[in-house]
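Novice: Structure file data00.cif, mmCIF, C-alpha atoms, is pasted below:
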data_data
#
loop_
_atom_site.group_PDB
_atom_site.id
_atom_site.type_symbol
_atom_site.label_atom_id
_atom_site.label_comp_id
_atom_site.auth_asym_id
_atom_site.auth_seq_id
_atom_site.Cartn_x
_atom_site.Cartn_y
_atom_site.Cartn_z
ATOM 1 C CA MET A 8 0.000 0.000 0.000
ATOM 2 C CA SER A 9 1.308 3.414 -0.847
ATOM 3 C CA ASN A 10 0.760 6.491 1.254
ATOM 4 C CA GLY A 11 -2.014 7.713 -1.049
ATOM 5 C CA GLU A 12 -4.049 4.564 -0.559
ATOM 6 C CA SER A 13 -3.561 4.675 3.191
ATOM 7 C CA SER A 14 -4.826 8.252 3.463
ATOM 8 C CA ASP A 15 -7.915 7.359 1.409
ATOM 9 C CA ARG A 16 -8.693 4.528 3.776
ATOM 10 C CA VAL A 17 -8.284 6.352 7.099
ATOM 11 C CA SER A 18 -10.454 9.328 8.062
ATOM 12 C CA TYR A 19 -8.204 11.585 10.090
ATOM 13 C CA LEU A 20 -11.138 13.798 11.105
ATOM 14 C CA ARG A 21 -12.867 10.813 12.727
ATOM 15 C CA ILE A 22 -9.649 9.781 14.451
ATOM 16 C CA ARG A 23 -9.130 13.320 15.759
ATOM 17 C CA PHE A 24 -12.746 13.405 17.024
ATOM 18 C CA SER A 25 -12.264 10.045 18.722
ATOM 19 C CA LEU A 26 -9.053 11.119 20.456
ATOM 20 C CA ILE A 27 -10.695 14.294 21.761
ATOM 21 C CA THR A 28 -13.712 12.294 22.949
ATOM 22 C CA LEU A 29 -11.406 9.744 24.604
ATOM 23 C CA ALA A 30 -9.463 12.478 26.402
ATOM 24 C CA ILE A 31 -12.620 14.197 27.678
ATOM 25 C CA GLY A 32 -14.082 10.828 28.681
ATOM 26 C CA LEU A 33 -10.908 9.891 30.530
ATOM 27 C CA PHE A 34 -11.003 13.209 32.403
ATOM 28 C CA ILE A 35 -14.666 12.711 33.373
ATOM 29 C CA PHE A 36 -13.923 9.108 34.370
ATOM 30 C CA ALA A 37 -11.016 10.283 36.561
ATOM 31 C CA VAL A 38 -13.213 12.949 38.160
ATOM 32 C CA GLY A 39 -15.834 10.314 38.940
ATOM 33 C CA THR A 40 -13.455 7.701 40.300
ATOM 34 C CA LYS A 41 -10.941 9.905 42.115
ATOM 35 C CA PRO A 42 -12.375 13.397 42.746
ATOM 36 C CA ASN A 43 -9.821 13.949 45.524
ATOM 37 C CA TRP A 44 -7.114 14.155 42.814
ATOM 38 C CA PHE A 45 -8.726 17.460 41.845
ATOM 39 C CA GLY A 46 -9.603 18.536 45.397
ATOM 40 C CA TRP A 47 -13.330 18.009 44.808
ATOM 41 C CA ASN A 48 -14.025 15.148 47.231
ATOM 42 C CA ARG A 49 -16.580 16.110 49.895
ATOM 43 C CA VAL A 50 -17.704 12.749 51.253
ATOM 44 C CA LEU A 51 -16.014 9.532 52.319
ATOM 45 C CA VAL A 52 -18.335 7.140 50.448
ATOM 46 C CA VAL A 53 -18.863 6.744 46.732
ATOM 47 C CA GLY A 54 -22.412 7.956 46.081
ATOM 48 C CA PHE A 55 -24.874 8.054 43.218
ATOM 49 C CA VAL A 56 -23.494 11.189 41.562
ATOM 50 C CA GLN A 57 -19.930 9.912 41.639
ATOM 51 C CA ILE A 58 -20.973 6.568 40.135
ATOM 52 C CA ALA A 59 -23.026 8.327 37.457
ATOM 53 C CA VAL A 60 -20.102 10.612 36.581
ATOM 54 C CA PHE A 61 -17.579 7.819 36.118
ATOM 55 C CA LEU A 62 -20.096 5.789 34.110
ATOM 56 C CA ALA A 63 -20.677 8.831 31.869
ATOM 57 C CA GLY A 64 -16.893 9.074 31.397
ATOM 58 C CA LEU A 65 -16.746 5.366 30.576
ATOM 59 C CA ALA A 66 -19.508 5.884 27.993
ATOM 60 C CA MET A 67 -17.486 8.642 26.321
ATOM 61 C CA ILE A 68 -14.408 6.395 26.307
ATOM 62 C CA CYS A 69 -16.452 3.639 24.638
ATOM 63 C CA ILE A 70 -17.883 6.007 22.016
ATOM 64 C CA GLY A 71 -14.501 7.575 21.253
ATOM 65 C CA GLY A 72 -12.804 4.193 21.010
ATOM 66 C CA TYR A 73 -15.492 2.850 18.700
ATOM 67 C CA VAL A 74 -15.323 5.870 16.379
ATOM 68 C CA GLY A 75 -11.520 5.766 16.243
ATOM 69 C CA LEU A 76 -11.223 2.047 15.629
ATOM 70 C CA SER A 77 -14.021 2.141 13.055
ATOM 71 C CA ALA A 78 -12.137 4.901 11.248
ATOM 72 C CA LEU A 79 -9.165 2.553 10.889
ATOM 73 C CA TRP A 80 -11.359 0.208 8.832
ATOM 74 C CA GLY A 81 -12.102 3.037 6.408
ATOM 75 C CA LYS A 82 -14.391 2.038 3.560
ATOM 76 C CA GLU A 83 -13.613 -1.666 3.947
ATOM 77 C CA GLN A 84 -16.266 -3.930 5.348
ATOM 78 C CA ARG A 85 -15.626 -4.899 8.969
ATOM 79 C CA SER A 86 -14.959 -8.533 9.722
ATOM 80 C CA ILE A 87 -17.243 -10.690 11.819
ATOM 81 C CA ILE A 88 -14.680 -10.563 14.626
ATOM 82 C CA ALA A 89 -14.850 -6.744 14.562
ATOM 83 C CA ASP A 90 -18.657 -6.849 14.691
ATOM 84 C CA ILE A 91 -18.474 -9.186 17.676
ATOM 85 C CA GLY A 92 -15.966 -6.774 19.237
ATOM 86 C CA LEU A 93 -18.425 -3.903 18.830
ATOM 87 C CA ARG A 94 -21.087 -5.940 20.602
ATOM 88 C CA LEU A 95 -18.624 -6.827 23.350
ATOM 89 C CA VAL A 96 -17.904 -3.122 23.917
ATOM 90 C CA SER A 97 -21.638 -2.482 24.280
ATOM 91 C CA THR A 98 -22.122 -5.534 26.493
ATOM 92 C CA GLY A 99 -19.203 -4.547 28.710
ATOM 93 C CA TYR A 100 -20.686 -1.088 29.175
ATOM 94 C CA VAL A 101 -24.065 -2.575 30.110
ATOM 95 C CA ILE A 102 -22.322 -4.857 32.632
ATOM 96 C CA ALA A 103 -20.496 -1.848 34.110
ATOM 97 C CA VAL A 104 -23.686 0.229 34.344
ATOM 98 C CA PHE A 105 -25.821 -2.458 35.942
ATOM 99 C CA THR A 106 -23.174 -3.492 38.451
ATOM 100 C CA GLY A 107 -22.227 0.108 39.235
ATOM 101 C CA MET A 108 -25.825 1.162 39.733
ATOM 102 C CA ALA A 109 -26.998 -2.055 41.434
ATOM 103 C CA ASP A 110 -28.101 -0.236 44.592
ATOM 104 C CA VAL A 111 -30.032 2.335 42.573
ATOM 105 C CA PHE A 112 -31.768 -0.413 40.587
ATOM 106 C CA GLY A 113 -32.675 -2.239 43.807
ATOM 107 C CA MET A 114 -30.337 -5.203 43.280
ATOM 108 C CA GLY A 115 -27.525 -4.146 45.621
ATOM 109 C CA ALA A 116 -26.900 -4.438 49.338
ATOM 110 C CA GLN A 117 -28.371 -1.037 50.243
ATOM 111 C CA ALA A 118 -32.075 -0.291 50.160
ATOM 112 C CA LEU A 119 -33.044 2.724 48.049
ATOM 113 C CA PRO A 120 -33.784 5.274 50.807
ATOM 114 C CA GLU A 121 -30.211 4.891 52.030
ATOM 115 C CA VAL A 122 -27.163 6.256 50.249
ATOM 116 C CA PRO A 123 -25.969 3.831 47.542
ATOM 117 C CA TYR A 124 -22.793 2.065 48.598
ATOM 118 C CA PHE A 125 -20.236 1.235 45.944
ATOM 119 C CA GLY A 126 -18.769 -1.849 47.510
ATOM 120 C CA PRO A 127 -16.216 -4.447 46.463
ATOM 121 C CA TRP A 128 -18.764 -6.582 44.594
ATOM 122 C CA GLN A 129 -19.882 -3.621 42.538
ATOM 123 C CA ALA A 130 -16.292 -2.553 41.910
ATOM 124 C CA GLY A 131 -15.501 -6.078 40.733
ATOM 125 C CA GLY A 132 -18.480 -6.022 38.385
ATOM 126 C CA VAL A 133 -17.386 -2.699 36.891
ATOM 127 C CA VAL A 134 -13.858 -4.067 36.402
ATOM 128 C CA ILE A 135 -15.292 -7.148 34.661
ATOM 129 C CA GLY A 136 -17.295 -4.811 32.410
ATOM 130 C CA GLN A 137 -14.139 -2.857 31.607
ATOM 131 C CA ILE A 138 -12.281 -6.075 30.765
ATOM 132 C CA VAL A 139 -15.069 -7.041 28.363
ATOM 133 C CA ILE A 140 -14.864 -3.549 26.820
ATOM 134 C CA ALA A 141 -11.091 -3.914 26.387
ATOM 135 C CA LEU A 142 -11.515 -7.311 24.707
ATOM 136 C CA GLY A 143 -14.073 -5.774 22.362
ATOM 137 C CA PHE A 144 -11.672 -2.978 21.446
ATOM 138 C CA LEU A 145 -8.920 -5.500 20.738
ATOM 139 C CA MET A 146 -11.281 -7.354 18.410
ATOM 140 C CA LEU A 147 -12.126 -4.089 16.575
ATOM 141 C CA ILE A 148 -8.533 -3.460 15.489
ATOM 142 C CA PRO A 149 -8.004 -4.220 11.760
ATOM 143 C CA TYR A 150 -4.964 -6.454 12.198
ATOM 144 C CA GLN A 151 -5.057 -7.933 8.693
ATOM 145 C CA TYR A 152 -4.072 -4.618 7.043
ATOM 146 C CA TYR A 153 -1.011 -4.202 9.217
ATOM 147 C CA PHE A 154 0.088 -7.835 9.049
ATOM 148 C CA HIS A 155 -0.294 -7.692 5.252
ATOM 149 C CA LYS A 156 1.879 -4.580 5.148
ATOM 150 C CA VAL A 157 4.603 -6.278 7.224
ATOM 151 C CA HIS A 158 4.780 -9.313 4.922
ATOM 152 C CA GLU A 159 5.180 -7.225 1.745
#
Mind turning this structure into structure tokens?

Specialist:
Amino acid sequence: MSNGESSDRVSYLRIRFSLITLAIGLFIFAVGTKPNWFGWNRVLVVGFVQIAVFLAGLAMICIGGYVGLSALWGKEQRSIIADIGLRLVSTGYVIAVFTGMADVFGMGAQALPEVPYFGPWQAGGVVIGQIVIALGFLMLIPYQYYFHKVHE
């Protein structure tokens, strides 16, 4: 592949948008998970607003990652593995949301009138969701173009 063909295949505007979205999402995720890094922590427990903020940041990370990795495919049709990866990203986010908000949905250890408690089981569920998201992103990468380029 020459440089002209490569630039036709990759949309740099979409990649730039995805990197900006990823950076903003990472900032929002960091604010939600560790607000004391920014001097904004007011309570000792992780409450509803903090959980909602880091889940919103995770959503932006998922959207930015999907747009960026889809831009690498260009006009080529995605493989079945990449389509499964997209569904894994979505599934991982759903796992993270439902385990993170388990108390709010009435499935956690705390009853709804009390402050939601983000405990170790919920943290583990969110981590499992993030692992599924990461596997989905790895499946979205168009490896065959880069392996083909190496063998030429």

Novice: Please evaluate the PyMOL selection byres ((chain A and resi 40-43) around 12) against the structure above and give the resulting residues as number ranges by chain.

Specialist: A: 33-39, 44-65, 107, 125, 130, 133

Novice: Please compute the CA of Thr106 (chain A)-CA of Asp90 (chain A) distance, one decimal, in Å.

Specialist: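 If I compute the distance from CA of Thr106 (chain A) to CA of Asp90 (chain A), I get 24.4 Å.
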
Novice: Give me, please, the distance in Å between CA of Ala109 (chain A) and CA of Ala141 (chain A), quoted to one decimal.

Specialist: 22.0 Å

Novice: I need the output of the PyMOL selection byres ((chain A and resi 89) around 12) for this file as a list in words; which residues are they?

Specialist: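 Checking the PyMOL selection byres ((chain A and resi 89) around 12) against this file, the residues are Tyr73, Leu76, Ser77, Leu79, Trp80, Glu83, Gln84, Arg85, Ser86, Ile87, Ile88, Asp90, Ile91, Gly92, Leu93, Arg94, Leu95, Val96, Leu142, Gly143, Phe144, Leu145, Met146, Leu147, Ile148, Pro149, Tyr150 and Gln151 of chain A.
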
Novice: Take the residues that were just selected and, keeping C-alpha atoms, output them as a compact mmCIF listing (two decimals), keeping the file's coordinate frame.

Specialist:
# COMPACT_ATOMS: atom_id res chain seq x y z
CA TYR A 73 -15.49 2.85 18.70
CA LEU A 76 -11.22 2.05 15.63
CA SER A 77 -14.02 2.14 13.06
CA LEU A 79 -9.16 2.55 10.89
CA TRP A 80 -11.36 0.21 8.83
CA GLU A 83 -13.61 -1.67 3.95
CA GLN A 84 -16.27 -3.93 5.35
CA ARG A 85 -15.63 -4.90 8.97
CA SER A 86 -14.96 -8.53 9.72
CA ILE A 87 -17.24 -10.69 11.82
CA ILE A 88 -14.68 -10.56 14.63
CA ASP A 90 -18.66 -6.85 14.69
CA ILE A 91 -18.47 -9.19 17.68
CA GLY A 92 -15.97 -6.77 19.24
CA LEU A 93 -18.42 -3.90 18.83
CA ARG A 94 -21.09 -5.94 20.60
CA LEU A 95 -18.62 -6.83 23.35
CA VAL A 96 -17.90 -3.12 23.92
CA LEU A 142 -11.52 -7.31 24.71
CA GLY A 143 -14.07 -5.77 22.36
CA PHE A 144 -11.67 -2.98 21.45
CA LEU A 145 -8.92 -5.50 20.74
CA MET A 146 -11.28 -7.35 18.41
CA LEU A 147 -12.13 -4.09 16.58
CA ILE A 148 -8.53 -3.46 15.49
CA PRO A 149 -8.00 -4.22 11.76
CA TYR A 150 -4.96 -6.45 12.20
CA GLN A 151 -5.06 -7.93 8.69

Novice: Calculated over only C-alpha atoms, which of the candidates A:Val104, A:Ile68, A:Leu20, A:Ile140 has the smallest distance to Gly81 (chain A)?

Specialist: A:Leu20

Novice: Could you tell me how far CA of Thr98 (chain A) lies from CA of Ser18 (chain A), in Å and to one decimal?

Specialist: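 About the pair CA of Thr98 (chain A) and CA of Ser18 (chain A): they are 26.4 Å apart.
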
Novice: If we count only C-alpha atoms, what is near Leu29 (chain A) at a cut-off of 8 Å, once residues fewer than 4 positions away on the same chain are taken out, given as JSON, numbers by chain?

Specialist: {"A": [25, 33, 67, 68, 69, 70, 71, 72]}

Novice: To verify the selection step, state as a PyMOL selection string which residues the PyMOL selection byres ((chain A and resi 110) around 10) yields on this input.

Specialist: chain A and resi 55+105-109+111-119+121-126+129

Novice: Using all atoms listed in the file, can you tell me which of A:Ile138, A:Pro127, A:Gly75, A:Pro120 comes closest to Tyr100 (chain A)?

Specialist: A:Ile138
